[in-house]
$ cat structure_8.txt   # compact mmCIF, C-alpha atoms
# COMPACT_ATOMS: atom_id res chain seq x y z
CA MET G 84 -64.75 -52.17 -96.48
CA SER G 85 -63.65 -49.93 -99.31
CA THR G 86 -61.25 -46.98 -99.17
CA ASP G 87 -60.73 -43.91 -101.33
CA ALA G 88 -57.69 -45.56 -102.87
CA ASP G 89 -59.65 -48.68 -103.68
CA GLU G 90 -62.93 -47.39 -105.10
CA SER G 91 -65.30 -50.12 -106.25
CA PRO G 92 -67.32 -49.91 -109.49
CA ALA G 93 -70.45 -49.43 -107.40
CA GLN G 94 -68.91 -46.47 -105.57
CA SER G 95 -68.06 -44.96 -108.95
CA LEU G 96 -71.65 -45.63 -110.01
CA LEU G 97 -72.92 -44.02 -106.80
CA ALA G 98 -70.80 -40.91 -107.43
CA ASP G 99 -72.06 -40.75 -111.02
CA VAL G 100 -75.71 -41.06 -110.01
CA VAL G 101 -75.37 -38.45 -107.26
CA ALA G 102 -73.69 -36.01 -109.67
CA ARG G 103 -76.69 -36.24 -112.02
CA ILE G 104 -79.30 -35.35 -109.37
CA ASP G 105 -80.69 -31.83 -109.57
CA TRP G 106 -83.64 -30.01 -108.04
CA PRO G 107 -87.16 -30.40 -109.44
CA ASP G 108 -88.34 -27.60 -111.76
CA ARG G 109 -88.72 -24.49 -109.62
CA GLU G 110 -90.27 -22.46 -112.45
CA ALA G 111 -93.04 -25.04 -112.84
CA ALA G 112 -93.63 -24.88 -109.09
CA ARG G 113 -93.85 -21.09 -109.24
CA GLN G 114 -96.35 -21.27 -112.09
CA ALA G 115 -98.43 -23.81 -110.17
CA THR G 116 -98.50 -21.59 -107.08
CA GLU G 117 -99.69 -18.64 -109.17
CA ARG G 118 -102.28 -20.77 -110.95
CA TRP G 119 -103.75 -22.04 -107.67
CA GLN G 120 -104.21 -18.42 -106.65
CA SER G 121 -106.08 -17.63 -109.88
CA LEU G 122 -108.54 -20.55 -109.77
CA THR G 123 -112.19 -20.24 -108.79
CA LYS G 124 -111.85 -20.86 -105.07
CA PRO G 125 -110.70 -18.99 -101.99
CA GLU G 126 -106.93 -18.89 -101.66
CA GLY G 127 -105.65 -22.09 -100.04
CA ALA G 128 -109.13 -23.62 -99.88
CA LEU G 129 -107.95 -26.99 -101.23
CA GLY G 130 -105.36 -27.27 -98.47
CA ARG G 131 -102.65 -29.88 -98.95
CA LEU G 132 -104.07 -30.79 -102.33
CA GLU G 133 -102.61 -27.50 -103.55
CA ASP G 134 -99.20 -28.32 -102.08
CA LEU G 135 -99.37 -31.73 -103.73
CA GLY G 136 -100.28 -30.26 -107.10
CA THR G 137 -97.40 -27.82 -106.88
CA TRP G 138 -94.98 -30.62 -106.04
CA TRP G 139 -96.31 -32.72 -108.90
CA ALA G 140 -95.86 -29.81 -111.32
CA SER G 141 -92.27 -29.37 -110.15
CA VAL G 142 -91.30 -33.03 -110.54
CA ARG G 143 -93.03 -33.31 -113.91
CA GLY G 144 -91.44 -30.06 -115.07
CA THR G 145 -94.58 -28.44 -116.43
CA CYS G 146 -97.70 -26.56 -115.33
CA PRO G 147 -100.36 -27.71 -115.40
CA PRO G 148 -99.10 -31.30 -115.20
CA ALA G 149 -101.02 -34.31 -116.47
CA PRO G 150 -102.09 -36.92 -113.89
CA PRO G 151 -99.85 -39.99 -113.51
CA ALA G 152 -100.19 -42.11 -116.64
CA ARG G 153 -97.92 -45.10 -115.94
CA PRO G 154 -97.27 -45.52 -112.22
CA VAL G 155 -95.29 -48.61 -111.21
CA LEU G 156 -94.83 -50.25 -107.81
CA VAL G 157 -91.61 -52.21 -107.35
CA ILE G 158 -91.61 -54.53 -104.32
CA PHE G 159 -88.12 -55.50 -103.15
CA ALA G 160 -88.29 -58.86 -101.36
CA SER G 161 -85.57 -60.11 -99.02
CA ASP G 162 -85.11 -62.05 -95.81
CA HIS G 163 -83.01 -60.68 -92.97
CA GLY G 164 -80.94 -63.15 -90.98
CA VAL G 165 -81.50 -61.33 -87.70
CA ALA G 166 -85.11 -62.56 -87.68
CA ARG G 167 -83.94 -66.16 -87.54
CA THR G 168 -81.03 -65.84 -85.11
CA ALA G 169 -82.44 -63.20 -82.74
CA ARG G 170 -86.08 -64.21 -83.25
CA THR G 171 -87.28 -60.64 -83.86
CA SER G 172 -90.43 -61.45 -85.85
CA ALA G 173 -93.79 -63.03 -85.14
CA TYR G 174 -93.48 -65.01 -88.37
CA PRO G 175 -90.86 -67.51 -89.55
CA PRO G 176 -88.57 -66.53 -92.45
CA GLU G 177 -90.36 -69.01 -94.73
CA VAL G 178 -93.24 -66.53 -94.97
CA THR G 179 -91.26 -64.23 -97.29
CA ALA G 180 -91.09 -66.84 -100.07
CA GLN G 181 -94.74 -67.69 -99.49
CA MET G 182 -95.72 -64.04 -99.79
CA VAL G 183 -93.68 -63.63 -102.97
CA ARG G 184 -95.71 -66.44 -104.47
CA ILE G 185 -98.95 -64.73 -103.41
CA LEU G 186 -97.81 -61.40 -104.83
CA LEU G 187 -96.94 -63.07 -108.11
CA SER G 188 -100.36 -64.73 -108.17
CA GLU G 189 -101.78 -61.19 -107.87
CA ARG G 190 -103.82 -62.00 -104.76
CA ALA G 191 -101.95 -60.04 -102.08
CA ALA G 192 -103.10 -56.75 -100.56
CA ALA G 193 -100.74 -54.78 -102.79
CA ASN G 194 -102.22 -56.41 -105.90
CA ALA G 195 -105.78 -55.66 -104.86
CA LEU G 196 -105.06 -52.02 -104.07
CA ALA G 197 -102.90 -51.56 -107.17
CA ARG G 198 -105.71 -52.74 -109.42
CA GLN G 199 -108.04 -50.18 -107.87
CA VAL G 200 -105.67 -47.26 -108.45
CA GLY G 201 -104.22 -48.30 -111.82
CA VAL G 202 -100.69 -49.20 -110.77
CA ARG G 203 -98.60 -51.99 -112.28
CA VAL G 204 -96.83 -54.22 -109.71
CA ARG G 205 -93.37 -55.69 -110.15
CA VAL G 206 -91.85 -58.07 -107.58
CA VAL G 207 -88.07 -58.39 -107.39
CA ASP G 208 -86.48 -61.14 -105.26
CA VAL G 209 -83.17 -59.63 -104.15
CA GLY G 210 -82.57 -61.80 -101.09
CA VAL G 211 -85.30 -64.32 -100.31
CA ASP G 212 -83.97 -67.24 -98.26
CA ALA G 213 -85.48 -70.02 -100.34
CA PRO G 214 -84.25 -72.56 -102.89
CA GLU G 215 -83.92 -71.37 -106.47
CA ASP G 216 -86.86 -73.51 -107.54
CA TYR G 217 -89.33 -72.17 -104.95
CA ALA G 218 -91.25 -70.27 -107.63
CA ASN G 219 -90.53 -72.29 -110.76
CA ASP G 220 -94.20 -72.69 -111.46
CA LEU G 221 -94.60 -68.92 -111.42
CA GLY G 222 -91.93 -68.16 -114.01
CA PRO G 223 -88.20 -68.66 -114.55
CA ASP G 224 -87.16 -65.08 -113.75
CA VAL G 225 -88.51 -64.75 -110.21
CA ALA G 226 -85.16 -65.29 -108.49
CA ALA G 227 -82.96 -64.29 -111.42
CA MET G 228 -81.91 -61.03 -109.74
CA ARG G 229 -81.33 -62.44 -106.27
CA ILE G 230 -78.09 -61.23 -104.68
CA ARG G 231 -77.98 -63.91 -101.98
CA ARG G 232 -80.25 -66.09 -99.84
CA GLY G 233 -81.05 -63.85 -96.89
CA SER G 234 -78.66 -61.50 -95.13
CA GLY G 235 -76.32 -61.90 -92.19
CA SER G 236 -77.58 -61.36 -88.64
CA ILE G 237 -76.75 -57.68 -88.21
CA ASP G 238 -76.49 -57.81 -84.42
CA ARG G 239 -73.35 -59.94 -84.72
CA GLU G 240 -72.17 -60.00 -88.36
CA ASN G 241 -72.36 -58.00 -91.54
CA ALA G 242 -75.54 -58.19 -93.55
CA LEU G 243 -73.65 -58.39 -96.84
CA THR G 244 -70.18 -58.49 -98.24
CA SER G 245 -69.00 -55.29 -99.91
CA GLU G 246 -69.38 -56.99 -103.28
CA GLU G 247 -72.96 -58.01 -102.52
CA ALA G 248 -73.89 -54.49 -101.38
CA ASP G 249 -72.36 -53.09 -104.56
CA ALA G 250 -74.27 -55.58 -106.73
CA ALA G 251 -77.58 -54.84 -104.99
CA PHE G 252 -77.09 -51.09 -105.39
CA ALA G 253 -76.31 -51.48 -109.09
CA LEU G 254 -79.39 -53.69 -109.45
CA GLY G 255 -81.60 -50.96 -107.98
CA VAL G 256 -80.18 -48.43 -110.42
CA ALA G 257 -80.84 -50.82 -113.31
CA ILE G 258 -84.42 -51.48 -112.19
CA ALA G 259 -85.18 -47.75 -112.05
CA ASP G 260 -83.69 -47.30 -115.51
CA THR G 261 -85.70 -50.20 -116.93
CA GLU G 262 -89.01 -48.91 -115.59
CA ILE G 263 -88.39 -45.29 -116.58
CA ASP G 264 -87.23 -46.33 -120.05
CA ALA G 265 -90.47 -48.30 -120.38
CA GLY G 266 -92.49 -45.15 -119.68
CA ALA G 267 -93.03 -45.04 -115.91
CA ASP G 268 -93.79 -41.47 -114.82
CA LEU G 269 -94.26 -42.31 -111.13
CA LEU G 270 -92.49 -44.99 -109.10
CA ILE G 271 -93.39 -46.54 -105.75
CA ALA G 272 -90.88 -48.29 -103.51
CA GLY G 273 -92.35 -51.22 -101.58
CA ASP G 274 -90.89 -53.97 -99.41
CA MET G 275 -91.53 -57.57 -98.41
CA GLY G 276 -89.40 -59.54 -96.00
CA ILE G 277 -89.28 -61.05 -92.54
CA GLY G 278 -86.89 -59.08 -90.33
CA ASN G 279 -86.64 -56.04 -92.58
CA THR G 280 -87.95 -53.56 -89.99
CA THR G 281 -85.17 -54.65 -87.64
CA SER G 282 -82.51 -53.58 -90.15
CA ALA G 283 -84.45 -50.46 -91.09
CA SER G 284 -84.88 -49.44 -87.45
CA ALA G 285 -81.14 -49.71 -86.85
CA ILE G 286 -80.47 -47.47 -89.84
CA VAL G 287 -83.09 -44.94 -88.76
CA GLY G 288 -81.76 -44.96 -85.19
CA LEU G 289 -78.33 -44.02 -86.49
CA LEU G 290 -79.32 -41.48 -89.14
CA ALA G 291 -82.37 -39.76 -87.62
CA PRO G 292 -80.78 -39.97 -85.00
CA ALA G 293 -82.92 -41.50 -82.25
CA GLU G 294 -82.69 -43.67 -79.17
CA VAL G 295 -83.09 -47.37 -79.81
CA THR G 296 -86.26 -47.74 -77.74
CA SER G 297 -87.93 -44.94 -79.71
CA VAL G 298 -87.47 -46.61 -83.10
CA VAL G 299 -88.30 -50.25 -82.35
CA GLY G 300 -91.91 -51.11 -83.07
CA ARG G 301 -94.11 -54.17 -83.12
CA GLY G 302 -93.45 -55.00 -86.79
CA THR G 303 -95.47 -58.10 -87.62
CA GLY G 304 -97.32 -57.87 -84.31
CA ILE G 305 -94.67 -59.13 -81.89
CA ASP G 306 -95.24 -59.67 -78.17
CA ASP G 307 -93.30 -57.98 -75.37
CA HIS G 308 -90.57 -60.62 -75.14
CA THR G 309 -89.95 -60.51 -78.88
CA TRP G 310 -89.92 -56.70 -78.76
CA MET G 311 -87.17 -56.84 -76.13
CA ARG G 312 -85.13 -59.22 -78.28
CA LYS G 313 -85.67 -56.96 -81.28
CA THR G 314 -84.60 -53.92 -79.27
CA GLY G 315 -81.41 -55.68 -78.21
CA ALA G 316 -80.65 -56.66 -81.80
CA VAL G 317 -81.23 -53.11 -83.04
CA ARG G 318 -79.04 -51.72 -80.26
CA ASP G 319 -76.20 -54.06 -81.16
CA ALA G 320 -76.59 -53.33 -84.86
CA MET G 321 -76.48 -49.59 -84.23
CA ARG G 322 -73.21 -50.03 -82.36
CA ARG G 323 -71.79 -52.02 -85.25
CA GLY G 324 -72.96 -49.54 -87.86
CA LYS G 325 -71.97 -46.31 -86.12
CA ALA G 326 -68.54 -46.09 -87.78
CA HIS G 327 -70.09 -46.29 -91.25
CA LYS G 328 -72.73 -43.56 -91.05
CA ALA G 329 -70.99 -41.45 -93.68
CA ALA G 330 -70.44 -44.31 -96.15
CA PRO G 331 -73.79 -45.41 -97.67
CA LEU G 332 -72.75 -48.74 -99.15
CA ASP G 333 -70.59 -49.68 -96.18
CA LEU G 334 -73.45 -48.89 -93.81
CA ILE G 335 -75.84 -51.10 -95.78
CA ALA G 336 -73.28 -53.90 -95.99
CA THR G 337 -72.88 -53.74 -92.22
CA ILE G 338 -76.47 -53.43 -90.96
CA GLY G 339 -78.77 -53.26 -93.98
CA GLY G 340 -79.61 -55.90 -96.54
CA PRO G 341 -79.85 -56.43 -100.29
CA ASP G 342 -83.33 -54.91 -100.41
CA ILE G 343 -82.19 -51.68 -98.77
CA ALA G 344 -79.13 -51.48 -101.03
CA ALA G 345 -81.32 -51.99 -104.10
CA MET G 346 -83.82 -49.40 -102.87
CA LEU G 347 -80.98 -46.91 -102.41
CA GLY G 348 -79.98 -47.35 -106.06
CA PHE G 349 -83.62 -47.22 -107.13
CA LEU G 350 -84.34 -43.95 -105.29
CA LEU G 351 -81.17 -42.18 -106.35
CA GLU G 352 -81.42 -43.18 -110.00
CA ALA G 353 -85.08 -42.14 -110.08
CA ALA G 354 -84.05 -38.69 -108.84
CA ALA G 355 -81.22 -38.56 -111.38
CA ARG G 356 -83.73 -39.44 -114.10
CA ARG G 357 -86.13 -36.74 -112.80
CA THR G 358 -88.80 -39.28 -111.90
CA PRO G 359 -90.75 -38.93 -108.62
CA VAL G 360 -91.09 -41.74 -106.09
CA ILE G 361 -93.76 -42.36 -103.46
CA LEU G 362 -92.30 -43.86 -100.30
CA ASP G 363 -94.27 -46.49 -98.44
CA GLY G 364 -93.27 -47.47 -94.92
CA THR G 365 -90.26 -47.94 -92.68
CA VAL G 366 -87.94 -49.88 -95.00
CA PRO G 367 -88.13 -47.63 -98.10
CA THR G 368 -87.95 -44.56 -95.88
CA ALA G 369 -84.81 -45.90 -94.19
CA ALA G 370 -83.31 -46.21 -97.68
CA ALA G 371 -84.46 -42.64 -98.37
CA LEU G 372 -82.54 -41.47 -95.28
CA ILE G 373 -79.37 -42.97 -96.70
CA ALA G 374 -80.14 -41.45 -100.10
CA HIS G 375 -80.59 -38.05 -98.49
CA ARG G 376 -77.16 -38.27 -96.86
CA ALA G 377 -75.62 -39.26 -100.19
CA ALA G 378 -77.49 -36.64 -102.23
CA TYR G 379 -79.57 -34.09 -100.33
CA LYS G 380 -81.41 -33.02 -103.49
CA SER G 381 -82.92 -36.50 -103.77
CA ARG G 382 -85.35 -35.71 -100.97
CA ASP G 383 -87.32 -33.28 -103.15
CA TRP G 384 -88.18 -36.07 -105.59
CA LEU G 385 -89.87 -38.06 -102.81
CA LEU G 386 -93.42 -38.07 -101.51
CA ALA G 387 -94.43 -39.73 -98.24
CA GLY G 388 -97.54 -41.69 -99.11
CA HIS G 389 -98.62 -42.50 -95.59
CA ARG G 390 -97.49 -42.78 -91.97
CA SER G 391 -96.88 -46.29 -90.70
CA THR G 392 -97.54 -47.19 -87.09
CA GLU G 393 -93.87 -48.20 -86.83
CA PRO G 394 -92.09 -45.54 -84.70
CA ALA G 395 -88.97 -45.70 -86.88
CA HIS G 396 -91.07 -44.49 -89.80
CA SER G 397 -92.13 -41.33 -88.01
CA ALA G 398 -88.54 -40.71 -86.93
CA ALA G 399 -87.29 -41.06 -90.49
CA LEU G 400 -90.06 -38.85 -91.91
CA GLY G 401 -89.22 -36.22 -89.31
CA ARG G 402 -85.55 -36.24 -90.27
CA LEU G 403 -86.47 -35.94 -93.96
CA ASP G 404 -89.06 -33.25 -93.20
CA LEU G 405 -91.68 -35.14 -95.18
CA GLU G 406 -95.31 -34.90 -94.12
CA PRO G 407 -97.26 -38.02 -95.10
CA LEU G 408 -100.46 -37.63 -97.07
CA LEU G 409 -102.37 -40.33 -95.19
CA ASP G 410 -102.45 -41.85 -91.72
CA LEU G 411 -104.60 -44.98 -91.75
CA ARG G 412 -102.69 -46.87 -89.02
CA MET G 413 -101.24 -49.22 -91.66
CA ARG G 414 -98.07 -51.28 -91.18
CA LEU G 415 -98.26 -54.01 -93.81
CA GLY G 416 -95.60 -52.82 -96.23
CA GLU G 417 -95.75 -54.12 -99.83
CA GLY G 418 -96.28 -50.51 -100.94
CA THR G 419 -99.90 -50.59 -99.74
CA GLY G 420 -99.93 -47.20 -98.03
CA ALA G 421 -98.13 -45.52 -100.91
CA LEU G 422 -100.62 -46.94 -103.42
CA LEU G 423 -103.45 -45.08 -101.73
CA ALA G 424 -101.68 -41.77 -102.38
CA VAL G 425 -101.77 -42.20 -106.17
CA PRO G 426 -105.42 -41.04 -106.56
CA LEU G 427 -104.60 -37.94 -104.53
CA ILE G 428 -101.85 -37.00 -106.99
CA ALA G 429 -104.30 -37.53 -109.85
CA ALA G 430 -106.90 -35.39 -108.07
CA ALA G 431 -104.40 -32.59 -107.45
CA ALA G 432 -103.31 -32.63 -111.09
CA ALA G 433 -106.92 -32.61 -112.29
CA ALA G 434 -107.88 -29.69 -110.08
CA LEU G 435 -104.82 -27.68 -111.08
CA GLY G 436 -105.32 -28.33 -114.77
CA GLU G 437 -109.09 -28.41 -115.24
CA MET G 438 -110.54 -25.74 -112.96
CA LEU G 439 -111.44 -22.39 -114.48
CA THR G 440 -109.64 -19.25 -113.39
CA PHE G 441 -111.63 -16.31 -112.04
CA THR G 442 -111.02 -14.48 -115.32
CA GLU G 443 -112.14 -17.42 -117.49
CA ALA G 444 -115.29 -17.92 -115.42
CA GLY G 445 -116.14 -14.23 -115.13
CA VAL G 446 -116.27 -14.56 -111.36
CA SER G 447 -115.43 -11.63 -109.15
CA THR G 448 -112.37 -12.06 -106.97
CA ALA G 449 -112.27 -11.37 -103.27
CA GLU G 450 -112.47 -7.70 -102.38
CA GLU G 451 -109.43 -5.92 -101.05
CA PRO G 452 -109.73 -4.93 -97.37
CA ALA G 453 -110.96 -1.41 -96.87
CA GLU G 454 -108.36 1.18 -95.94

$ encode --input "structure_8.txt" --output "structure tokens"
Amino acid sequence: MSTDADESPAQSLLADVVARIDWPDREAARQATERWQSLTKPEGALGRLEDLGTWWASVRGTCPPAPPARPVLVIFASDHGVARTARTSAYPPEVTAQMVRILLSERAAANALARQVGVRVRVVDVGVDAPEDYANDLGPDVAAMRIRRGSGSIDRENALTSEEADAAFALGVAIADTEIDAGADLLIAGDMGIGNTTSASAIVGLLAPAEVTSVVGRGTGIDDHTWMRKTGAVRDAMRRGKAHKAAPLDLIATIGGPDIAAMLGFLLEAAARRTPVILDGTVPTAAALIAHRAAYKSRDWLLAGHRSTEPAHSAALGRLDLEPLLDLRMRLGEGTGALLAVPLIAAAAAALGEMLTFTEAGVSTAEEPAE
């Protein structure tokens, strides 16, 4: 692992990204709050839609803000070695590569939902454990960004080398830059990978913090015996990762994976570029926990799209003090829950920008209470 005297390029990049992160626009938020109070409705009558509109105004830096015009979902795909060695999943690791192919054929759940809400989907293979030619028929660039084939089994060995963690982090930064430079005004972080909730649960258990049994869920629908194996693997990983809680890249190299490292770069660079991100489930939110420890201002650029049924997700959301917009008992990943939040942002922006004020409509305001 790295030391202060031996700072890696990625640690320098991390420090640079963190230094560029500032708060969202507080003046735009103030203007949005005042505008909500002037619109033709009782004060607070639109509930959380008003909070959402105020947040959207702050992250877009203007009031009233336009609805999202170019939202993009980036799905980070990677296998986690702990699923194979500790048998923590109901599905074999081969499913990750199969699902990448389905996502690229635009027939997965994320594709269907994205089409309905006007979101472009990008799939990035950062660590799928499959031969390089597994998706040749789908295009030559599918595995071009892959850091390695799967990660180490975190209950007994490091997930990544320091160099691999650094490369994955830098890749996430570059992906955020590419999408924002292309015009994305709203990003979504999604995940795909067998074993990824095991790594994410270990990270959440350490950083929330929480007891191991309170963060281990059923993931892909595991039975009781598999849950016990998963709990043991998470417990062992938490022990291995404890010494690295204060070092984001070292923690990910020890008990994370290339997807989580890339998501960390993605989330932090988005905040540095003043671009909001909707979090999906357990894995992106685990990355958000690490981002929050690295740069506490990054949290204000994040929106919790939904609440997963995975207990680690609720623990992470609680630590971040993020209240999810939706709770549909979803646990698929792929960004599916976050996608469903996009129309709510558009609705909040439309209401904030298009409603008449009491003055414009010539409507009498509420009477002051009698003395």

$ residues_around --input "structure_8.txt" --residues "Asp99 (chain G)" --least-positions-apart "6" --cutoff "10 Å" --atoms "only C-alpha atoms" --output "ChimeraX atom specification"
/G:93,352,355

$ write_last_selection --input "structure_8.txt" --atoms "C-alpha atoms" --output "CSV table (one decimal), keeping the file's coordinate frame"
chain,number,residue,atom,x,y,z
G,93,ALA,CA,-70.4,-49.4,-107.4
G,352,GLU,CA,-81.4,-43.2,-110.0
G,355,ALA,CA,-81.2,-38.6,-111.4

$ closest_atom_pairs --input "structure_8.txt" --of "region 382-414 of chain G" --to "region 427-439 of chain G" --cutoff "10 Å" --atoms "all atoms listed in the file" --output "Markdown table"
| residue | atom | partner | partner_atom | distance |
| --- | --- | --- | --- | --- |
| G:Gly388 | CA | G:Leu427 | CA | 9.7 |
| G:Leu408 | CA | G:Leu427 | CA | 8.5 |
| G:Leu409 | CA | G:Leu427 | CA | 9.9 |

$ residues_around --input "structure_8.txt" --residues "Gly276 (chain G)" --least-positions-apart "3" --cutoff "9 Å" --atoms "all atoms listed in the file" --output "PyMOL selection string"
chain G and resi 159-163+176+178-180+182+210-211+279-280+342

$ residues_around --input "structure_8.txt" --residues "Glu294 (chain G)" --least-positions-apart "6" --cutoff "10 Å" --atoms "all atoms listed in the file" --output "list in words"
Ala285, Val287, Gly288, Arg318 and Met321 of chain G

$ residues_around --input "structure_8.txt" --residues "Arg322 (chain G)" --least-positions-apart "2" --cutoff "12 Å" --atoms "only C-alpha atoms" --output "PyMOL selection string"
chain G and resi 237-240+285-286+288-289+294-295+315-320+324-328+334+337-338

$ write_last_selection --input "structure_8.txt" --atoms "C-alpha atoms" --output "PDB file, in the frame of the given file"
ATOM      1  CA  ILE G 237     -76.750 -57.680 -88.210  1.00  0.00           C
ATOM      2  CA  ASP G 238     -76.490 -57.810 -84.420  1.00  0.00           C
ATOM      3  CA  ARG G 239     -73.350 -59.940 -84.720  1.00  0.00           C
ATOM      4  CA  GLU G 240     -72.170 -60.000 -88.360  1.00  0.00           C
ATOM      5  CA  ALA G 285     -81.140 -49.710 -86.850  1.00  0.00           C
ATOM      6  CA  ILE G 286     -80.470 -47.470 -89.840  1.00  0.00           C
ATOM      7  CA  GLY G 288     -81.760 -44.960 -85.190  1.00  0.00           C
ATOM      8  CA  LEU G 289     -78.330 -44.020 -86.490  1.00  0.00           C
ATOM      9  CA  GLU G 294     -82.690 -43.670 -79.170  1.00  0.00           C
ATOM     10  CA  VAL G 295     -83.090 -47.370 -79.810  1.00  0.00           C
ATOM     11  CA  GLY G 315     -81.410 -55.680 -78.210  1.00  0.00           C
ATOM     12  CA  ALA G 316     -80.650 -56.660 -81.800  1.00  0.00           C
ATOM     13  CA  VAL G 317     -81.230 -53.110 -83.040  1.00  0.00           C
ATOM     14  CA  ARG G 318     -79.040 -51.720 -80.260  1.00  0.00           C
ATOM     15  CA  ASP G 319     -76.200 -54.060 -81.160  1.00  0.00           C
ATOM     16  CA  ALA G 320     -76.590 -53.330 -84.860  1.00  0.00           C
ATOM     17  CA  GLY G 324     -72.960 -49.540 -87.860  1.00  0.00           C
ATOM     18  CA  LYS G 325     -71.970 -46.310 -86.120  1.00  0.00           C
ATOM     19  CA  ALA G 326     -68.540 -46.090 -87.780  1.00  0.00           C
ATOM     20  CA  HIS G 327     -70.090 -46.290 -91.250  1.00  0.00           C
ATOM     21  CA  LYS G 328     -72.730 -43.560 -91.050  1.00  0.00           C
ATOM     22  CA  LEU G 334     -73.450 -48.890 -93.810  1.00  0.00           C
ATOM     23  CA  THR G 337     -72.880 -53.740 -92.220  1.00  0.00           C
ATOM     24  CA  ILE G 338     -76.470 -53.430 -90.960  1.00  0.00           C
TER      25      ILE G 338
END

$ closest_residue --input "structure_8.txt" --among "G:Leu351, G:Ala193, G:Ala293, G:Val299" --to "Gly420 (chain G)" --atoms "only C-alpha atoms"
G:Ala193

$ closest_residue --input "structure_8.txt" --among "G:Asp264, G:Pro148, G:Thr123, G:Gln94" --to "Ala111 (chain G)" --atoms "only C-alpha atoms"
G:Pro148

$ closest_residue --input "structure_8.txt" --among "G:His308, G:Arg203, G:Arg414, G:Arg356" --to "Leu187 (chain G)" --atoms "all atoms listed in the file"
G:Arg203

$ residues_near_point --input "structure_8.txt" --point "(-70.6, -50.9, -101.2)" --cutoff "6 Å" --atoms "only C-alpha atoms" --output "mmCIF file with C-alpha atoms, in the coordinates of the input"
data_model
loop_
_atom_site.group_PDB
_atom_site.id
_atom_site.type_symbol
_atom_site.label_atom_id
_atom_site.label_comp_id
_atom_site.auth_asym_id
_atom_site.auth_seq_id
_atom_site.Cartn_x
_atom_site.Cartn_y
_atom_site.Cartn_z
ATOM 1 C CA SER G 245 -69.000 -55.290 -99.910
ATOM 2 C CA ALA G 248 -73.890 -54.490 -101.380
ATOM 3 C CA ASP G 249 -72.360 -53.090 -104.560
ATOM 4 C CA LEU G 332 -72.750 -48.740 -99.150
ATOM 5 C CA ASP G 333 -70.590 -49.680 -96.180
#

$ residues_near_point --input "structure_8.txt" --point "(-97.8, -49.7, -97.5)" --cutoff "12 Å" --atoms "all atoms listed in the file" --output "ChimeraX atom specification"
/G:156-158,192-194,196-197,271-275,361-368,387-393,396,407,409-424

$ atom_distance --input "structure_8.txt" --atom1 "CA of Leu135 (chain G)" --atom2 "CA of Ala371 (chain G)"
19.2 Å

$ atom_distance --input "structure_8.txt" --atom1 "CA of Trp138 (chain G)" --atom2 "CA of Arg103 (chain G)"
20.0 Å

$ atom_distance --input "structure_8.txt" --atom1 "CA of Arg167 (chain G)" --atom2 "CA of Asp212 (chain G)"
10.8 Å

$ closest_residue --input "structure_8.txt" --among "G:Val298, G:Leu269, G:Ala257, G:Ala115" --to "Pro150 (chain G)" --atoms "only C-alpha atoms"
G:Leu269

$ residues_around --input "structure_8.txt" --residues "Ile305 (chain G)" --least-positions-apart "4" --cutoff "7 Å" --atoms "all atoms listed in the file" --output "VMD selection string"
chain G and resid 172 to 173 301 309 to 310
